[in-house]
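Have a look at target_22.txt; it's compact mmCIF, C-alpha atoms:
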```
# COMPACT_ATOMS: atom_id res chain seq x y z
CA MET E 1 -66.89 24.10 60.25
CA ASP E 2 -66.92 23.11 56.57
CA LYS E 3 -68.86 19.94 57.37
CA ILE E 4 -71.89 22.13 58.02
CA ILE E 5 -74.71 20.46 56.17
CA ILE E 6 -76.43 22.78 53.71
CA CYS E 7 -78.88 20.54 51.88
CA ARG E 8 -80.30 17.89 54.20
CA CYS E 9 -82.37 16.11 51.57
CA GLU E 10 -79.36 15.35 49.36
CA GLU E 11 -76.71 15.51 52.13
CA VAL E 12 -74.53 18.23 50.65
CA ASP E 13 -72.20 20.09 53.00
CA LEU E 14 -70.56 23.48 52.74
CA GLU E 15 -67.20 21.92 51.90
CA GLU E 16 -68.61 20.15 48.84
CA ILE E 17 -70.23 23.36 47.59
CA GLU E 18 -67.01 25.32 48.11
CA GLN E 19 -64.96 22.67 46.32
CA THR E 20 -67.37 22.61 43.39
CA VAL E 21 -67.34 26.39 43.04
CA ASN E 22 -63.55 26.53 43.29
CA LYS E 23 -63.04 23.73 40.78
CA TYR E 24 -65.56 24.69 38.11
CA GLY E 25 -66.15 28.38 38.85
CA SER E 26 -69.81 27.50 38.68
CA SER E 27 -72.85 29.73 39.04
CA ALA E 28 -75.51 29.09 41.68
CA ARG E 29 -77.57 27.10 39.21
CA GLU E 30 -74.59 25.06 37.99
CA THR E 31 -73.57 24.36 41.60
CA LYS E 32 -77.09 23.14 42.27
CA LEU E 33 -76.98 20.80 39.28
CA ARG E 34 -73.47 19.51 40.06
CA THR E 35 -73.95 18.82 43.77
CA ARG E 36 -77.73 18.23 43.77
CA ALA E 37 -78.00 20.72 46.67
CA GLY E 38 -81.52 22.07 46.54
CA MET E 39 -82.85 19.29 44.32
CA GLY E 40 -84.06 16.92 47.03
CA TYR E 41 -87.40 15.91 48.45
CA CYS E 42 -88.33 19.27 49.96
CA GLY E 43 -87.75 21.04 46.65
CA GLY E 44 -84.92 23.18 47.95
CA ARG E 45 -87.17 25.30 50.16
CA THR E 46 -84.78 24.92 53.09
CA CYS E 47 -81.40 25.42 51.46
CA ARG E 48 -82.09 27.48 48.32
CA PRO E 49 -81.53 30.88 50.03
CA MET E 50 -78.37 29.48 51.66
CA ILE E 51 -76.92 28.32 48.33
CA ASP E 52 -77.55 31.76 46.84
CA THR E 53 -75.91 33.43 49.85
CA ILE E 54 -72.87 31.13 49.72
CA LEU E 55 -72.43 31.80 46.00
CA GLU E 56 -72.71 35.53 46.60
CA GLN E 57 -69.97 35.30 49.23
CA LEU E 58 -67.70 33.06 47.13
CA THR E 59 -68.06 34.55 43.66
CA GLY E 60 -70.02 37.75 44.14
CA GLU E 61 -72.87 36.38 42.04
CA LYS E 62 -76.00 38.33 42.93
CA PRO E 63 -79.29 36.42 42.99
CA LYS E 64 -81.17 37.55 39.87
CA ASP E 65 -84.59 37.44 41.44
CA LYS E 66 -86.28 37.98 44.80
CA ILE E 67 -86.97 34.24 44.68
CA PRO E 68 -83.70 32.32 45.14
CA LEU E 69 -82.60 30.04 42.27
CA LYS E 70 -85.55 28.74 40.31
CA VAL E 71 -88.73 27.39 41.76
CA GLN E 72 -90.67 24.86 39.76
CA PRO E 73 -94.16 23.60 40.45
CA PRO E 74 -95.56 21.79 42.37
CA VAL E 75 -95.05 23.87 45.50
CA ARG E 76 -94.87 20.79 47.70
CA PRO E 77 -94.14 17.13 46.91
CA VAL E 78 -97.23 15.46 45.48
CA SER E 79 -97.50 11.78 44.64
CA LEU E 80 -98.38 10.89 41.07
CA ALA E 81 -101.36 8.92 42.41
CA ARG E 82 -102.74 12.09 43.97
CA LEU E 83 -102.14 14.14 40.84
CA GLY E 84 -104.08 11.48 38.95
CA ASP E 85 -106.74 11.52 41.70
CA LYS E 86 -106.53 7.74 42.21
CA THR E 87 -106.42 8.04 45.99
CA HIS E 88 -107.41 10.95 48.11
CA HIS E 89 -106.36 10.91 51.73
CA GLU E 90 -106.95 14.48 52.86
CA MET I 91 -94.20 7.90 78.21
CA ASN I 92 -91.17 9.58 79.62
CA ASN I 93 -90.39 12.80 77.78
CA ARG I 94 -93.71 14.65 78.14
CA ILE I 95 -93.76 17.80 80.22
CA VAL I 96 -96.66 17.20 82.60
CA ASP I 97 -96.13 20.20 84.86
CA HIS I 98 -94.85 23.25 83.04
CA PRO I 99 -93.56 26.17 85.16
CA ILE I 100 -95.58 28.69 83.13
CA LEU I 101 -98.26 26.71 81.27
CA GLY I 102 -99.21 24.70 84.36
CA LYS I 103 -100.30 21.08 84.70
CA ILE I 104 -101.31 19.06 81.64
CA LYS I 105 -105.07 18.53 81.21
CA GLU I 106 -106.63 15.07 81.08
CA ARG I 107 -106.99 14.02 77.47
CA LYS I 108 -108.14 10.95 75.58
CA VAL I 109 -105.37 8.38 75.21
CA ILE I 110 -104.74 7.21 71.65
CA SER I 111 -102.77 4.10 70.78
CA PHE I 112 -100.76 3.63 67.61
CA THR I 113 -97.88 1.54 66.31
CA PHE I 114 -94.50 2.75 65.13
CA ASP I 115 -92.39 0.19 63.27
CA GLY I 116 -94.57 -2.57 64.70
CA LYS I 117 -94.25 -1.50 68.35
CA LYS I 118 -97.26 -0.23 70.30
CA TYR I 119 -97.20 3.28 71.78
CA THR I 120 -99.74 5.68 73.22
CA GLY I 121 -100.22 9.40 72.81
CA TYR I 122 -102.90 11.95 73.62
CA GLU I 123 -105.69 13.29 71.46
CA GLY I 124 -104.45 16.47 69.78
CA ASP I 125 -100.85 15.24 69.58
CA THR I 126 -99.07 15.39 66.29
CA ILE I 127 -97.30 12.18 65.31
CA ALA I 128 -94.01 13.96 65.99
CA SER I 129 -94.99 15.09 69.49
CA ALA I 130 -96.40 11.68 70.42
CA LEU I 131 -93.20 9.95 69.31
CA LEU I 132 -91.04 12.52 71.06
CA ALA I 133 -93.04 12.00 74.26
CA ASN I 134 -92.29 8.29 73.90
CA GLY I 135 -88.58 9.03 73.65
CA ILE I 136 -88.28 8.44 69.90
CA ARG I 137 -86.17 11.10 68.20
CA LYS I 138 -85.02 9.16 65.15
CA LEU I 139 -87.95 9.21 62.73
CA ARG I 140 -86.20 8.00 59.60
CA VAL I 141 -82.80 7.53 58.00
CA HIS I 142 -81.49 9.24 54.89
CA GLU I 143 -82.53 7.06 51.96
CA GLU I 144 -79.05 6.82 50.50
CA SER I 145 -76.54 7.20 53.35
CA GLY I 146 -78.58 5.81 56.23
CA ASN I 147 -77.80 8.75 58.51
CA PRO I 148 -80.46 9.33 61.18
CA ARG I 149 -83.07 12.09 60.79
CA GLY I 150 -85.66 13.54 63.13
CA ILE I 151 -87.69 16.67 63.66
CA TYR I 152 -85.91 19.62 62.01
CA CYS I 153 -88.21 22.59 61.31
CA ASN I 154 -91.38 21.19 62.93
CA ILE I 155 -93.58 23.52 60.85
CA GLY I 156 -94.09 21.37 57.75
CA HIS I 157 -91.44 23.17 55.76
CA CYS I 158 -88.50 20.82 55.44
CA PHE I 159 -90.02 17.32 55.06
CA GLU I 160 -87.28 15.90 57.30
CA CYS I 161 -89.88 14.15 59.51
CA ARG I 162 -91.72 12.37 56.72
CA LEU I 163 -93.03 8.93 57.60
CA THR I 164 -95.23 6.27 56.08
CA VAL I 165 -98.65 6.44 57.75
CA ASP I 166 -101.28 3.80 56.95
CA GLN I 167 -99.35 2.89 53.78
CA GLU I 168 -99.18 6.49 52.57
CA PRO I 169 -95.55 7.59 52.16
CA GLY I 170 -94.20 11.10 52.68
CA VAL I 171 -96.55 12.13 55.52
CA ARG I 172 -95.11 14.92 57.66
CA ALA I 173 -95.09 13.82 61.31
CA CYS I 174 -95.01 17.41 62.53
CA LEU I 175 -98.29 18.43 60.83
CA THR I 176 -100.32 15.24 61.03
CA GLN I 177 -102.56 14.71 64.05
CA LEU I 178 -102.44 11.34 65.72
CA GLN I 179 -105.46 9.12 65.05
CA GLU I 180 -106.54 5.94 66.82
CA ASN I 181 -104.75 2.79 65.55
CA MET I 182 -102.49 4.60 63.10
CA VAL I 183 -99.87 2.30 61.62
CA ILE I 184 -96.69 4.37 61.30
CA GLU I 185 -93.49 3.21 59.65
CA SER I 186 -90.15 4.99 59.79
CA GLY I 187 -88.23 5.89 56.62
CA LYS I 188 -85.73 3.21 55.62
CA ARG I 189 -82.53 3.15 53.66
CA LEU I 190 -83.14 2.40 49.98
CA PRO I 191 -80.92 0.66 47.43
CA ALA I 192 -79.00 3.02 45.13
CA PRO I 193 -78.37 0.91 42.01
CA LEU I 194 -77.60 3.90 39.77
CA LYS I 195 -74.98 5.45 42.06
CA SER I 196 -71.66 5.38 40.21
CA GLU I 197 -68.87 3.62 42.05
CA GLY I 198 -65.96 5.34 40.38
CA ASN I 199 -64.75 8.89 40.72
CA ARG I 200 -67.11 11.12 38.76
CA ASP I 201 -64.22 13.52 38.05
CA ASP I 202 -62.72 10.80 35.84
CA LEU I 203 -65.72 10.86 33.52
CA PRO I 204 -65.37 12.81 30.25
CA ARG I 205 -66.94 16.25 30.48
CA ASN I 206 -67.55 16.83 26.77
CA TYR I 207 -67.57 14.93 23.49
CA ALA I 208 -63.94 15.77 22.62
CA GLU I 209 -62.77 14.29 25.92
CA PHE I 210 -64.94 11.23 25.37
CA ALA I 211 -63.59 10.70 21.83
CA LYS I 212 -59.99 11.00 23.07
CA LYS I 213 -60.66 8.48 25.87
CA TYR I 214 -62.35 6.15 23.41
CA GLU I 215 -59.39 6.27 20.99
CA GLU I 216 -57.01 5.57 23.88
CA SER I 217 -59.06 2.58 24.99
CA LYS I 218 -58.99 1.22 21.40
CA GLU I 219 -55.20 1.37 21.40
CA ASP I 220 -55.06 -0.44 24.75
CA ASP I 221 -57.43 -3.19 23.64
CA PRO I 222 -56.70 -4.67 20.16
CA ARG I 223 -60.07 -6.51 20.05
CA ALA I 224 -61.98 -3.23 19.83
```

Mind turning the file's structure into structure tokens?
Amino acid sequence: MDKIIICRCEEVDLEEIEQTVNKYGSSARETKLRTRAGMGYCGGRTCRPMIDTILEQLTGEKPKDKIPLKVQPPVRPVSLARLGDKTHHE
Amino acid sequence: MNNRIVDHPILGKIKERKVISFTFDGKKYTGYEGDTIASALLANGIRKLRVHEESGNPRGIYCNIGHCFECRLTVDQEPGVRACLTQLQENMVIESGKRLPAPLKSEGNRDDLPRNYAEFAKKYEESKEDDPRA
């Protein structure tokens, strides 16, 4: 049950998140930084709400915003070449 | 092609469509016009699209709506292309995601590392006592 994978991009399971929270008493953001859950390729769009929910259940920490954790631009992964407009495939 | 549903109980028989050929990891496959890369590969019986870059665990279609990036592949040299959203084109060269080296991954237990400067200084003093050359 605890081997349920939460963040697929960084391969973080529920057990690791629970252990981190129990050991450090960490907030949602600190848990994210310690485990890297929600910091992978997809930008946390899959697991961010789950991490917030888990933290709420474990520590009672309420998500501060309607948007879970913190979202930083860009909205989707963009290669540096595309940002610099060196290649344009689409 | 073995996994394609050609006669669906509700949607009926599949219509004739243009056959498109492509390669995946150097092997030739065919799909139909209008297929996504993911559906063409699934029809060919390929469910493992990539492996996790660090651990090497297999990955395939997860959300299939372009949300999770689990199905990203390298298509015509462009990395990070979502198989579930990209339509198959003639002679596409598709490569699966491979395991990458992780040279910066620490080997030791990260819990042994000092967590603040005071801990570091204490550890450093201890190591000086252990090693007279320092």

Please list as a ChimeraX atom specification every residue within 12 Å of Val21 (chain E), counting all atoms listed in the file and excluding residues in the same chain fewer than 6 positions away. /E:14-15,27-35,51,54-61

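In chain E, the set of residues within 9 Å of chain I (atoms considered: only C-alpha atoms) is Arg8, Cys9, Glu10, Glu11, Tyr41, Cys42, Gly43, Gly44, Arg45, Thr46, Pro77, Val78, Ser79 and His89 of chain E.
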
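Note that the spacing between CA of Asn154 (chain I) and CA of Leu132 (chain I) amounts to 11.9 Å.
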
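The two atoms in question, CA of Lys212 (chain I) and CA of Asn22 (chain E), are spaced 25.7 Å apart.
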
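CA of Val12 (chain E) is positioned 14.2 Å from CA of Gly146 (chain I).
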
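With distances taken over all atoms listed in the file, I:Ser129 is the one residue among I:Thr113, I:Thr120, I:Ser129, I:Asn92 lying closest to Leu175 (chain I).
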
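Nearest residue to Gly124 (chain I), choosing from I:Ala192, I:Ile184, I:Ile110, I:Val141 and counting only C-alpha atoms: I:Ile110.
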
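Of the listed residues (I:Pro99, I:Gly187, I:Gly116, I:Pro193), I:Gly187 comes nearest to Leu139 (chain I); the distances count all atoms listed in the file.
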
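Among the candidates I:Asp125, I:Arg205, I:Ala133, I:Phe114, the one nearest to Ile95 (chain I) when counting only C-alpha atoms is I:Ala133.
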
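The nearest approach to Lys70 (chain E) among the residues E:Arg48, E:Lys3, E:Ser26, E:Glu18, with all atoms listed in the file taken into account, belongs to E:Arg48.
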
Which residues are close to Pro204 (chain I), i.e. within 8 Å by only C-alpha atoms, leaving aside same-chain residues fewer than 5 positions away? Reply as a PDB file with C-alpha atoms, keeping the file's coordinate frame.
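Everything below was put into part-v3.pdb:
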```pdb
ATOM      1  CA  GLU I 209     -62.770  14.290  25.920  1.00  0.00           C
ATOM      2  CA  PHE I 210     -64.940  11.230  25.370  1.00  0.00           C
ATOM      3  CA  LYS I 213     -60.660   8.480  25.870  1.00  0.00           C
TER       4      LYS I 213
END
```
